[in-house]
$ cat run-v5.tsv   # TSV, C-alpha atoms (C1' of nucleotides)
chain	number	residue	atom	x	y	z
I	1237	MET	CA	-214.09	91.49	-18.28
I	1238	SER	CA	-217.59	91.37	-19.64
I	1239	ALA	CA	-216.62	88.90	-22.34
I	1240	ASN	CA	-218.84	88.55	-25.35
I	1241	SER	CA	-219.80	85.52	-27.44
I	1242	ARG	CA	-218.99	86.90	-30.87
I	1243	LEU	CA	-216.02	84.69	-31.59
I	1244	THR	CA	-218.00	81.66	-30.46
I	1245	ILE	CA	-221.04	82.43	-32.57
I	1246	ALA	CA	-218.97	83.34	-35.63
I	1247	ALA	CA	-217.05	80.07	-35.40
I	1248	HIS	CA	-220.34	78.24	-34.94
I	1249	ALA	CA	-221.74	79.83	-38.08
I	1250	LEU	CA	-218.67	79.04	-40.16
I	1251	ALA	CA	-218.59	75.44	-39.01
I	1252	TRP	CA	-222.29	75.11	-39.74
I	1253	ILE	CA	-221.98	76.49	-43.26
I	1254	GLY	CA	-218.94	74.33	-43.91
I	1255	LEU	CA	-220.69	71.16	-42.83
I	1256	TYR	CA	-223.84	72.07	-44.73
I	1257	GLN	CA	-221.89	72.66	-47.93
I	1258	ARG	CA	-219.99	69.43	-47.41
I	1259	GLN	CA	-223.41	67.75	-47.45
I	1260	GLY	CA	-224.02	69.11	-50.93
I	1261	HIS	CA	-225.99	72.29	-50.25
I	1262	GLU	CA	-225.17	75.52	-52.01
I	1263	VAL	CA	-226.04	78.13	-49.44
I	1264	ALA	CA	-227.16	78.34	-45.83
I	1265	THR	CA	-229.68	80.86	-44.54
I	1266	SER	CA	-229.28	83.01	-41.46
I	1267	GLU	CA	-232.45	81.43	-40.13
I	1268	GLN	CA	-230.98	77.94	-40.22
I	1269	ILE	CA	-227.79	79.03	-38.53
I	1270	ALA	CA	-229.69	81.03	-35.92
I	1271	ALA	CA	-231.76	77.95	-35.06
I	1272	SER	CA	-228.61	75.92	-34.48
I	1273	ALA	CA	-227.00	78.64	-32.38
I	1274	SER	CA	-230.18	79.52	-30.46
I	1275	THR	CA	-230.16	83.16	-31.41
I	1276	ASN	CA	-231.85	85.59	-33.76
I	1277	PRO	CA	-231.28	85.58	-37.54
I	1278	VAL	CA	-230.41	89.28	-37.46
I	1279	VAL	CA	-227.62	88.60	-35.01
I	1280	ILE	CA	-226.23	86.01	-37.43
I	1281	ARG	CA	-226.56	88.37	-40.38
I	1282	ARG	CA	-224.67	91.06	-38.49
I	1283	LEU	CA	-221.81	88.72	-37.67
I	1284	LEU	CA	-221.70	87.19	-41.14
I	1285	GLY	CA	-221.66	90.71	-42.53
I	1286	ASP	CA	-218.42	91.28	-40.62
I	1287	LEU	CA	-217.03	88.03	-41.97
I	1288	ARG	CA	-218.03	89.00	-45.49
I	1289	ARG	CA	-216.16	92.29	-45.18
I	1290	ALA	CA	-213.15	90.23	-44.13
I	1291	GLY	CA	-213.49	88.00	-47.19
I	1292	LEU	CA	-214.41	84.83	-45.33
I	1293	VAL	CA	-217.96	84.33	-46.61
I	1294	GLU	CA	-220.16	85.48	-49.47
I	1295	SER	CA	-223.86	86.18	-49.58
I	1296	ARG	CA	-226.44	85.91	-52.33
I	1297	ARG	CA	-229.69	87.81	-52.41
I	1298	GLY	CA	-232.96	87.08	-54.14
I	1299	VAL	CA	-234.86	83.83	-53.96
I	1300	GLY	CA	-232.18	81.15	-53.60
I	1301	ALA	CA	-230.42	83.48	-51.23
I	1302	GLY	CA	-228.09	82.65	-48.36
I	1303	TRP	CA	-224.47	82.37	-47.28
I	1304	SER	CA	-221.54	80.35	-48.53
I	1305	LEU	CA	-217.85	80.11	-47.69
I	1306	ALA	CA	-215.55	82.35	-49.69
I	1307	ARG	CA	-212.57	80.13	-48.93
I	1308	ASP	CA	-211.79	76.68	-47.68
I	1309	LEU	CA	-212.29	76.19	-43.93
I	1310	GLU	CA	-208.70	74.99	-43.83
I	1311	SER	CA	-207.45	78.40	-44.92
I	1312	MET	CA	-209.31	80.30	-42.21
I	1313	THR	CA	-207.92	80.65	-38.70
I	1314	LEU	CA	-209.57	81.85	-35.54
I	1315	LEU	CA	-207.35	84.91	-35.85
I	1316	ASP	CA	-209.09	85.83	-39.12
I	1317	VAL	CA	-212.42	85.51	-37.36
I	1318	TYR	CA	-211.24	87.37	-34.28
I	1319	GLU	CA	-209.97	90.29	-36.33
I	1320	ALA	CA	-213.21	90.39	-38.26
I	1321	VAL	CA	-215.53	90.51	-35.26
I	1322	GLU	CA	-213.45	92.04	-32.43
I	1323	PRO	CA	-212.12	95.49	-33.20
I	1324	GLY	CA	-210.94	96.69	-29.80
I	1325	PRO	CA	-208.02	95.87	-27.51
I	1326	LEU	CA	-208.13	93.32	-24.71
I	1327	PHE	CA	-207.16	95.69	-21.89
I	1328	ALA	CA	-207.96	99.36	-21.62
I	1329	LEU	CA	-205.70	102.07	-20.24
I	1330	HIS	CA	-206.98	104.76	-17.88
I	1331	ARG	CA	-210.35	106.19	-18.77
I	1332	ALA	CA	-209.08	109.70	-17.98
I	1333	ALA	CA	-205.43	110.57	-18.52
I	1334	PRO	CA	-203.43	110.06	-15.30
I	1335	ASP	CA	-201.67	112.99	-13.62
I	1336	PRO	CA	-198.68	113.88	-15.81
I	1337	GLY	CA	-197.11	115.71	-12.90
I	1338	CYS	CA	-196.75	112.44	-10.98
I	1339	VAL	CA	-193.87	110.17	-11.91
I	1340	VAL	CA	-196.09	107.13	-11.95
I	1341	GLY	CA	-198.91	108.91	-13.76
I	1342	TYR	CA	-196.42	110.07	-16.35
I	1343	GLY	CA	-194.79	106.74	-17.13
I	1344	ILE	CA	-197.52	104.20	-16.49
I	1345	GLN	CA	-199.33	104.33	-19.82
I	1346	PRO	CA	-196.42	103.60	-22.14
I	1347	ALA	CA	-195.25	100.90	-19.74
I	1348	MET	CA	-198.60	99.14	-19.66
I	1349	GLN	CA	-199.16	99.63	-23.36
I	1350	ARG	CA	-195.94	97.80	-24.14
I	1351	ILE	CA	-197.02	94.91	-21.96
I	1352	TYR	CA	-200.49	94.79	-23.49
I	1353	ASP	CA	-199.06	94.87	-27.01
I	1354	GLY	CA	-196.93	91.84	-26.23
I	1355	ILE	CA	-199.87	89.97	-24.77
I	1356	GLU	CA	-202.10	90.67	-27.75
I	1357	GLU	CA	-199.36	89.50	-30.05
I	1358	THR	CA	-199.20	86.24	-28.14
I	1359	LEU	CA	-202.96	85.90	-28.29
I	1360	ARG	CA	-202.91	86.38	-32.03
I	1361	ARG	CA	-200.27	83.72	-32.49
I	1362	GLU	CA	-202.37	81.35	-30.45
I	1363	LEU	CA	-205.53	82.10	-32.44
I	1364	ALA	CA	-203.65	81.74	-35.71
I	1365	ARG	CA	-202.71	78.19	-34.81
I	1366	VAL	CA	-206.31	76.98	-34.99
I	1367	THR	CA	-208.06	76.67	-38.36
I	1368	LEU	CA	-211.80	76.48	-38.78
I	1369	LYS	CA	-211.27	73.01	-40.20
I	1370	ASP	CA	-209.73	72.04	-36.86
I	1371	VAL	CA	-212.78	73.44	-35.11
I	1372	LEU	CA	-215.22	71.51	-37.29
I	1373	GLN	CA	-213.25	68.30	-36.86
I	1374	ASP	CA	-213.26	68.79	-33.13
I	1375	VAL	CA	-216.98	69.50	-33.18
I	1376	LEU	CA	-217.70	66.30	-35.12
I	1377	ALA	CA	-215.48	64.29	-32.79
I	1378	ALA	CA	-217.70	65.00	-29.79
I	1379	PRO	CA	-218.96	61.76	-28.18
I	1380	ARG	CA	-222.70	61.27	-28.37
K	182	MET	CA	-214.66	93.34	-26.38
K	183	SER	CA	-215.58	96.21	-24.06
K	184	ALA	CA	-212.28	96.00	-22.24
K	185	ASN	CA	-211.99	97.53	-18.79
K	186	SER	CA	-209.13	99.35	-17.11
K	187	ARG	CA	-209.00	97.39	-13.88
K	188	LEU	CA	-205.66	95.73	-14.49
K	189	THR	CA	-204.19	99.08	-15.50
K	190	ILE	CA	-205.47	100.93	-12.45
K	191	ALA	CA	-204.51	98.14	-10.07
K	192	ALA	CA	-200.96	98.08	-11.46
K	193	HIS	CA	-200.86	101.86	-11.21
K	194	ALA	CA	-201.90	101.72	-7.56
K	195	LEU	CA	-199.33	99.08	-6.66
K	196	ALA	CA	-196.53	100.91	-8.44
K	197	TRP	CA	-197.55	104.12	-6.69
K	198	ILE	CA	-197.59	102.54	-3.24
K	199	GLY	CA	-194.28	100.83	-3.93
K	200	LEU	CA	-192.58	104.04	-4.96
K	201	TYR	CA	-194.10	105.96	-2.06
K	202	GLN	CA	-192.86	103.41	0.45
K	203	ARG	CA	-189.44	103.42	-1.19
K	204	GLN	CA	-189.40	107.14	-0.42
K	205	GLY	CA	-189.80	106.37	3.27
K	206	HIS	CA	-193.56	106.67	3.79
K	207	GLU	CA	-195.47	104.09	5.78
K	208	VAL	CA	-198.84	104.09	4.06
K	209	ALA	CA	-200.55	105.62	1.06
K	210	THR	CA	-204.14	106.85	1.06
K	211	SER	CA	-206.73	106.07	-1.58
K	212	GLU	CA	-207.07	109.78	-2.15
K	213	GLN	CA	-203.41	110.18	-3.10
K	214	ILE	CA	-203.54	107.22	-5.47
K	215	ALA	CA	-206.82	108.39	-6.99
K	216	ALA	CA	-205.28	111.78	-7.72
K	217	SER	CA	-202.39	110.17	-9.56
K	218	ALA	CA	-204.70	107.87	-11.54
K	219	SER	CA	-207.33	110.56	-12.21
K	220	THR	CA	-210.17	108.64	-10.68
K	221	ASN	CA	-212.26	108.50	-7.53
K	222	PRO	CA	-210.92	107.28	-4.16
K	223	VAL	CA	-213.78	104.79	-3.88
K	224	VAL	CA	-212.74	103.18	-7.15
K	225	ILE	CA	-209.24	102.77	-5.72
K	226	ARG	CA	-210.55	101.38	-2.45
K	227	ARG	CA	-212.65	98.84	-4.33
K	228	LEU	CA	-209.69	97.65	-6.36
K	229	LEU	CA	-207.30	97.62	-3.42
K	230	GLY	CA	-209.92	95.66	-1.50
K	231	ASP	CA	-209.65	92.95	-4.17
K	232	LEU	CA	-205.87	93.07	-3.90
K	233	ARG	CA	-206.08	92.79	-0.12
K	234	ARG	CA	-208.24	89.69	-0.40
K	235	ALA	CA	-205.53	88.28	-2.65
K	236	GLY	CA	-202.86	89.05	-0.08
K	237	LEU	CA	-201.04	91.68	-2.10
K	238	VAL	CA	-201.69	94.73	0.07
K	239	GLU	CA	-202.74	95.54	3.62
K	240	SER	CA	-204.84	98.37	4.96
K	241	ARG	CA	-204.86	100.18	8.26
K	242	ARG	CA	-207.82	102.05	9.66
K	243	GLY	CA	-208.05	104.85	12.12
K	244	VAL	CA	-206.14	108.08	11.95
K	245	GLY	CA	-202.80	107.14	10.40
K	246	ALA	CA	-204.75	104.96	8.02
K	247	GLY	CA	-203.89	103.90	4.48
K	248	TRP	CA	-202.47	101.15	2.33
K	249	SER	CA	-199.18	99.34	2.26
K	250	LEU	CA	-197.69	96.46	0.31
K	251	ALA	CA	-198.09	93.04	1.88
K	252	ARG	CA	-195.16	91.66	-0.12
K	253	ASP	CA	-192.22	92.87	-2.12
K	254	LEU	CA	-193.13	94.22	-5.58
K	255	GLU	CA	-190.63	91.73	-6.95
K	256	SER	CA	-192.74	88.84	-5.71
K	257	MET	CA	-195.96	90.04	-7.35
K	258	THR	CA	-196.72	89.35	-10.99
K	259	LEU	CA	-199.39	90.78	-13.23
K	260	LEU	CA	-201.02	87.35	-13.08
K	261	ASP	CA	-201.55	87.80	-9.34
K	262	VAL	CA	-203.16	91.16	-10.02
K	263	TYR	CA	-205.21	89.83	-12.94
K	264	GLU	CA	-206.60	86.98	-10.89
K	265	ALA	CA	-207.44	89.35	-8.07
K	266	VAL	CA	-209.38	91.86	-10.15
K	267	GLU	CA	-210.70	89.88	-13.17
K	268	PRO	CA	-212.91	86.97	-12.20
K	269	GLY	CA	-214.47	86.04	-15.55
K	270	PRO	CA	-213.22	84.31	-18.67
K	271	LEU	CA	-211.88	86.11	-21.73
K	272	PHE	CA	-214.37	84.68	-24.23
K	273	ALA	CA	-217.97	83.70	-23.57
K	274	LEU	CA	-219.77	80.72	-25.01
K	275	HIS	CA	-223.34	80.95	-26.33
K	276	ARG	CA	-225.68	83.01	-24.22
K	277	ALA	CA	-228.42	80.42	-24.71
K	278	ALA	CA	-227.52	76.75	-25.12
K	279	PRO	CA	-227.21	75.85	-28.81
K	280	ASP	CA	-229.53	73.24	-30.37
K	281	PRO	CA	-228.39	69.85	-29.02
K	282	GLY	CA	-230.21	68.13	-31.89
K	283	CYS	CA	-227.84	69.72	-34.40
K	284	VAL	CA	-224.41	68.14	-34.80
K	285	VAL	CA	-222.68	71.49	-34.67
K	286	GLY	CA	-224.84	72.75	-31.83
K	287	TYR	CA	-224.04	69.59	-29.91
K	288	GLY	CA	-220.27	69.63	-30.28
K	289	ILE	CA	-219.38	73.30	-30.55
K	290	GLN	CA	-219.24	74.21	-26.88
K	291	PRO	CA	-216.72	71.61	-25.70
K	292	ALA	CA	-214.64	72.32	-28.81
K	293	MET	CA	-214.51	76.07	-28.21
K	294	GLN	CA	-214.06	75.65	-24.48
K	295	ARG	CA	-210.91	73.59	-25.04
K	296	ILE	CA	-209.55	76.29	-27.31
K	297	TYR	CA	-210.39	79.06	-24.87
K	298	ASP	CA	-208.82	77.15	-21.99
K	299	GLY	CA	-205.59	76.89	-23.93
K	300	ILE	CA	-205.62	80.57	-24.76
K	301	GLU	CA	-206.23	81.62	-21.18
K	302	GLU	CA	-203.40	79.40	-20.05
K	303	THR	CA	-201.10	81.14	-22.50
K	304	LEU	CA	-202.31	84.53	-21.29
K	305	ARG	CA	-201.58	83.55	-17.71
K	306	ARG	CA	-198.07	82.47	-18.57
K	307	GLU	CA	-197.51	85.78	-20.27
K	308	LEU	CA	-198.86	87.76	-17.31
K	309	ALA	CA	-196.81	85.70	-14.87
K	310	ARG	CA	-193.60	86.75	-16.64
K	311	VAL	CA	-194.00	90.39	-15.60
K	312	THR	CA	-193.46	91.41	-11.99
K	313	LEU	CA	-194.70	94.64	-10.50
K	314	LYS	CA	-191.08	95.56	-9.95
K	315	ASP	CA	-190.59	95.31	-13.71
K	316	VAL	CA	-193.59	97.61	-14.18
K	317	LEU	CA	-192.28	100.21	-11.74
K	318	GLN	CA	-188.83	100.11	-13.31
K	319	ASP	CA	-190.35	100.57	-16.72
K	320	VAL	CA	-192.47	103.45	-15.42
K	321	LEU	CA	-189.45	105.20	-13.96
K	322	ALA	CA	-187.49	104.68	-17.18
K	323	ALA	CA	-189.89	106.83	-19.20
K	324	PRO	CA	-188.10	109.76	-20.88
K	325	ARG	CA	-189.15	113.17	-19.63
V	256	DG	C1'	-245.06	91.55	-64.49
V	257	DG	C1'	-245.93	89.87	-60.00
V	258	DC	C1'	-244.75	86.75	-56.16
V	259	DA	C1'	-241.93	84.82	-52.62
V	260	DG	C1'	-237.96	84.24	-49.92
V	261	DT	C1'	-233.90	86.19	-48.13
V	262	DC	C1'	-230.51	89.65	-47.25
V	263	DG	C1'	-229.20	94.60	-45.60
V	264	DA	C1'	-229.84	97.85	-42.52
V	265	DA	C1'	-231.94	100.95	-39.37
V	266	DA	C1'	-234.32	101.61	-35.15
V	267	DC	C1'	-235.43	100.49	-30.67
V	268	DA	C1'	-235.60	97.71	-26.18
V	269	DT	C1'	-233.39	95.15	-22.62
V	270	DT	C1'	-229.80	93.79	-19.86
V	271	DA	C1'	-225.42	94.00	-17.71
V	272	DA	C1'	-220.87	95.88	-16.77
V	273	DC	C1'	-218.16	99.65	-15.62
V	274	DG	C1'	-216.84	103.66	-13.49
V	275	DG	C1'	-218.12	107.76	-10.86
V	276	DT	C1'	-220.33	109.81	-6.89
V	277	DT	C1'	-222.47	110.38	-2.40
V	278	DA	C1'	-223.18	108.92	2.04
V	279	DC	C1'	-222.35	107.01	6.36
V	280	DG	C1'	-220.85	103.81	9.84
V	281	DA	C1'	-216.49	101.65	11.76
V	282	DC	C1'	-212.20	102.19	13.36
V	283	DA	C1'	-208.04	103.88	15.82
V	284	DG	C1'	-204.80	107.18	17.14
V	285	DA	C1'	-204.12	111.84	19.16
N	957	DT	C1'	-213.86	113.25	22.14
N	958	DC	C1'	-212.27	114.52	17.75
N	959	DT	C1'	-210.31	113.59	13.31
N	960	DG	C1'	-208.98	111.25	9.20
N	961	DT	C1'	-209.40	107.21	6.58
N	962	DC	C1'	-211.19	102.85	5.39
N	963	DG	C1'	-215.32	99.64	4.17
N	964	DT	C1'	-219.33	99.27	1.96
N	965	DA	C1'	-223.75	100.09	0.23
N	966	DA	C1'	-226.60	102.64	-2.84
N	967	DC	C1'	-227.47	105.03	-6.82
N	968	DC	C1'	-226.54	107.18	-11.44
N	969	DG	C1'	-224.92	107.79	-16.26
N	970	DT	C1'	-222.64	105.73	-20.08
N	971	DT	C1'	-221.60	102.15	-23.00
N	972	DA	C1'	-221.60	97.52	-25.12
N	973	DA	C1'	-223.92	93.36	-26.27
N	974	DT	C1'	-227.80	91.06	-27.69
N	975	DG	C1'	-232.45	90.52	-29.13
N	976	DT	C1'	-236.44	92.10	-31.76
N	977	DT	C1'	-239.22	94.41	-35.21
N	978	DT	C1'	-239.62	96.46	-39.46
N	979	DC	C1'	-239.10	97.43	-44.14
N	980	DG	C1'	-236.80	98.21	-48.45
N	981	DA	C1'	-233.72	95.80	-51.93
N	982	DC	C1'	-232.80	92.11	-54.55
N	983	DT	C1'	-233.51	88.07	-57.66
N	984	DG	C1'	-235.14	83.67	-59.24
N	985	DC	C1'	-239.46	81.61	-60.54
N	986	DC	C1'	-244.18	81.33	-62.08
$ encode --input "run-v5.tsv" --output "structure tokens"
Amino acid sequence: MSANSRLTIAAHALAWIGLYQRQGHEVATSEQIAASASTNPVVIRRLLGDLRRAGLVESRRGVGAGWSLARDLESMTLLDVYEAVEPGPLFALHRAAPDPGCVVGYGIQPAMQRIYDGIEETLRRELARVTLKDVLQDVLAAPR
Amino acid sequence: MSANSRLTIAAHALAWIGLYQRQGHEVATSEQIAASASTNPVVIRRLLGDLRRAGLVESRRGVGAGWSLARDLESMTLLDVYEAVEPGPLFALHRAAPDPGCVVGYGIQPAMQRIYDGIEETLRRELARVTLKDVLQDVLAAPR
DNA sequence: GGCAGTCGAAACATTAACGGTTACGACAGA
DNA sequence: TCTGTCGTAACCGTTAATGTTTCGACTGCC
């Protein structure tokens, strides 16, 4: 499907900020998060920008600049993150419209769309069941 | 997510072959199916090749050549089709391994993998609930 | 007022996936 | 032998994802 890592990296960033703040720090920088996630600070800033637009994080500029959580990790679910960083649908319909003169070509798109809508709804319910607090707890529970 | 249309086109092809056979024909050609789906015969042959490897369709060569169903549409689910045409996972982990010296970097991958495994299992259950017969019925039920 | 550190954003490069297209050999029935 | 179709490789164009560089904007601190 050519899956991307956006949800993974966004969850990583949120967990990192949450843990860092729990340790008494005010803000985290994109450079720190990028080092933990083995990627580029600009990639982190782009993703956190999406999360900021969704109201999950806040950013400060200037000297003591960086990122902080806008809400408690407990109040954020993976669905919030998913909606913030993944705009499109899971499955695409035909690239070009199928032949409307053919019975199958005529009826296939609404039929598949209904199925895909149901599947995405199920996916959302599943994502909504996991909070970012759950994720961080699970991360910290990893055996060393 | 950069979704593709493989599941859609594969379902289209199976529904088309099923209907065509119901009308008394032995085999369907990739050219006929491609015309209905508004794509190229080679694209159809590639997809049907995947479905053949999965035991869903059969192909004949030679003069009276073409494609036919290997099983009843009722016995095929969208999960069978999905597994035949979509090898990869839905969500990717980090492209480069995260920093194992960081607590979050160390524990994030197993944590996210568990979540993703659960989600894919749910997706599979959902896909397994829909047979290709259901799809064809739904297609034929479209108002004209 | 100037400096320093960080974000915000644009621009560009690289890579990979996807779908479309052409081409041609293999095959099997007439 | 001829014909129609599959099987498959090769190549192309488009798009998405990610990485990288760059530079202006901002703001606290000296």
$ closest_residue --input "run-v5.tsv" --among "N:DC986, N:DC958, N:DG980, N:DT974" --to "chain I" --atoms "all atoms listed in the file"
N:DT974
$ closest_atom_pairs --input "run-v5.tsv" --of "chain K" --to "chain V" --cutoff "12 Å" --atoms "all atoms listed in the file" --output "JSON lines"
{"residue": "K:Met182", "atom": "CA", "partner": "V:DA272", "partner_atom": "C1'", "distance": 11.7}
{"residue": "K:Ser183", "atom": "CA", "partner": "V:DA272", "partner_atom": "C1'", "distance": 9.0}
{"residue": "K:Ala184", "atom": "CA", "partner": "V:DC273", "partner_atom": "C1'", "distance": 9.6}
{"residue": "K:Asn185", "atom": "CA", "partner": "V:DC273", "partner_atom": "C1'", "distance": 7.3}
{"residue": "K:Ser186", "atom": "CA", "partner": "V:DC273", "partner_atom": "C1'", "distance": 9.2}
{"residue": "K:Arg187", "atom": "CA", "partner": "V:DC273", "partner_atom": "C1'", "distance": 9.6}
{"residue": "K:Ile190", "atom": "CA", "partner": "V:DG274", "partner_atom": "C1'", "distance": 11.7}
{"residue": "K:Ala215", "atom": "CA", "partner": "V:DG275", "partner_atom": "C1'", "distance": 12.0}
{"residue": "K:Ser219", "atom": "CA", "partner": "V:DG275", "partner_atom": "C1'", "distance": 11.2}
{"residue": "K:Thr220", "atom": "CA", "partner": "V:DG275", "partner_atom": "C1'", "distance": 8.0}
{"residue": "K:Asn221", "atom": "CA", "partner": "V:DG275", "partner_atom": "C1'", "distance": 6.8}
{"residue": "K:Pro222", "atom": "CA", "partner": "V:DG275", "partner_atom": "C1'", "distance": 9.8}
{"residue": "K:Val223", "atom": "CA", "partner": "V:DG275", "partner_atom": "C1'", "distance": 8.7}
{"residue": "K:Val224", "atom": "CA", "partner": "V:DG274", "partner_atom": "C1'", "distance": 7.6}
{"residue": "K:Ile225", "atom": "CA", "partner": "V:DG274", "partner_atom": "C1'", "distance": 10.9}
{"residue": "K:Arg227", "atom": "CA", "partner": "V:DG274", "partner_atom": "C1'", "distance": 11.2}
{"residue": "K:Leu228", "atom": "CA", "partner": "V:DG274", "partner_atom": "C1'", "distance": 11.8}
{"residue": "K:Ser240", "atom": "CA", "partner": "V:DC282", "partner_atom": "C1'", "distance": 11.8}
{"residue": "K:Arg241", "atom": "CA", "partner": "V:DA283", "partner_atom": "C1'", "distance": 9.0}
{"residue": "K:Arg242", "atom": "CA", "partner": "V:DC282", "partner_atom": "C1'", "distance": 5.7}
{"residue": "K:Gly243", "atom": "CA", "partner": "V:DA283", "partner_atom": "C1'", "distance": 3.8}
{"residue": "K:Val244", "atom": "CA", "partner": "V:DG284", "partner_atom": "C1'", "distance": 5.4}
{"residue": "K:Gly245", "atom": "CA", "partner": "V:DG284", "partner_atom": "C1'", "distance": 7.0}
{"residue": "K:Ala246", "atom": "CA", "partner": "V:DA283", "partner_atom": "C1'", "distance": 8.5}
{"residue": "K:Gly269", "atom": "CA", "partner": "V:DA272", "partner_atom": "C1'", "distance": 11.8}
$ axis_aligned_box --input "run-v5.tsv" --around "segment 262-281 of chain V" --padding-each-side "4 Å" --output "AutoDock Vina command-line options"
--center_x -226.0 --center_y 100.0 --center_z -17.7 --size_x 27.1 --size_y 28.7 --size_z 67.0
$ closest_residue --input "run-v5.tsv" --among "N:DT977, N:DC967, N:DA972, N:DT983" --to "chain K" --atoms "all atoms listed in the file"
N:DA972
$ atom_distance --input "run-v5.tsv" --atom1 "atom CA of Leu1305 of chain I" --atom2 "atom CA of Ser1272 of chain I"
17.5 Å
$ interface_residues --input "run-v5.tsv" --of "chain K" --to "chain I" --cutoff "6 Å" --atoms "all atoms listed in the file" --output "PyMOL selection string"
chain K and resi 184-186+189+217-219+271-275+279-280+286+288-289+292+319-320+323
$ closest_residue --input "run-v5.tsv" --among "N:DT978, N:DA965, N:DT971, N:DG960" --to "chain K" --atoms "all atoms listed in the file"
N:DG960
$ atom_distance --input "run-v5.tsv" --atom1 "atom C1' of DT957 of chain N" --atom2 "atom CA of Ser249 of chain K"
28.4 Å
$ closest_residue --input "run-v5.tsv" --among "K:Tyr201, K:Ala251, K:Thr210, K:Glu264" --to "chain N" --atoms "only C-alpha atoms (C1' of nucleotides)"
K:Thr210
$ atom_distance --input "run-v5.tsv" --atom1 "atom CA of Arg310 of chain K" --atom2 "atom CA of Arg1365 of chain I"
22.1 Å
$ build_atoms --input "run-v5.tsv" --residues "segment 225-241 of chain K" --atoms "N, CA and C atoms" --output "CSV table (one decimal), in the frame of the given file"
chain,number,residue,atom,x,y,z
K,225,ILE,N,-210.5,103.3,-6.2
K,225,ILE,CA,-209.2,102.8,-5.7
K,225,ILE,C,-209.5,101.8,-4.5
K,226,ARG,N,-210.3,102.2,-3.6
K,226,ARG,CA,-210.6,101.4,-2.4
K,226,ARG,C,-211.2,100.0,-2.9
K,227,ARG,N,-212.1,100.1,-3.8
K,227,ARG,CA,-212.6,98.8,-4.3
K,227,ARG,C,-211.6,97.9,-4.9
K,228,LEU,N,-210.7,98.5,-5.7
K,228,LEU,CA,-209.7,97.6,-6.4
K,228,LEU,C,-208.7,97.1,-5.3
K,229,LEU,N,-208.3,98.0,-4.4
K,229,LEU,CA,-207.3,97.6,-3.4
K,229,LEU,C,-207.9,96.6,-2.5
K,230,GLY,N,-209.2,96.7,-2.3
K,230,GLY,CA,-209.9,95.7,-1.5
K,230,GLY,C,-209.8,94.3,-2.1
K,231,ASP,N,-209.9,94.2,-3.5
K,231,ASP,CA,-209.6,93.0,-4.2
K,231,ASP,C,-208.2,92.5,-4.0
K,232,LEU,N,-207.3,93.4,-4.1
K,232,LEU,CA,-205.9,93.1,-3.9
K,232,LEU,C,-205.6,92.6,-2.5
K,233,ARG,N,-206.3,93.2,-1.5
K,233,ARG,CA,-206.1,92.8,-0.1
K,233,ARG,C,-206.6,91.4,0.1
K,234,ARG,N,-207.7,91.1,-0.5
K,234,ARG,CA,-208.2,89.7,-0.4
K,234,ARG,C,-207.3,88.7,-1.0
K,235,ALA,N,-206.5,89.2,-2.0
K,235,ALA,CA,-205.5,88.3,-2.6
K,235,ALA,C,-204.2,88.3,-1.9
K,236,GLY,N,-204.1,89.1,-0.9
K,236,GLY,CA,-202.9,89.0,-0.1
K,236,GLY,C,-201.7,89.9,-0.6
K,237,LEU,N,-202.1,90.9,-1.5
K,237,LEU,CA,-201.0,91.7,-2.1
K,237,LEU,C,-200.8,93.0,-1.3
K,238,VAL,N,-201.8,93.5,-0.7
K,238,VAL,CA,-201.7,94.7,0.1
K,238,VAL,C,-202.4,94.6,1.4
K,239,GLU,N,-202.1,95.5,2.3
K,239,GLU,CA,-202.7,95.5,3.6
K,239,GLU,C,-203.3,96.9,3.8
K,240,SER,N,-204.3,97.0,4.7
K,240,SER,CA,-204.8,98.4,5.0
K,240,SER,C,-204.9,98.6,6.5
K,241,ARG,N,-204.7,99.8,6.9
K,241,ARG,CA,-204.9,100.2,8.3
K,241,ARG,C,-206.0,101.1,8.4
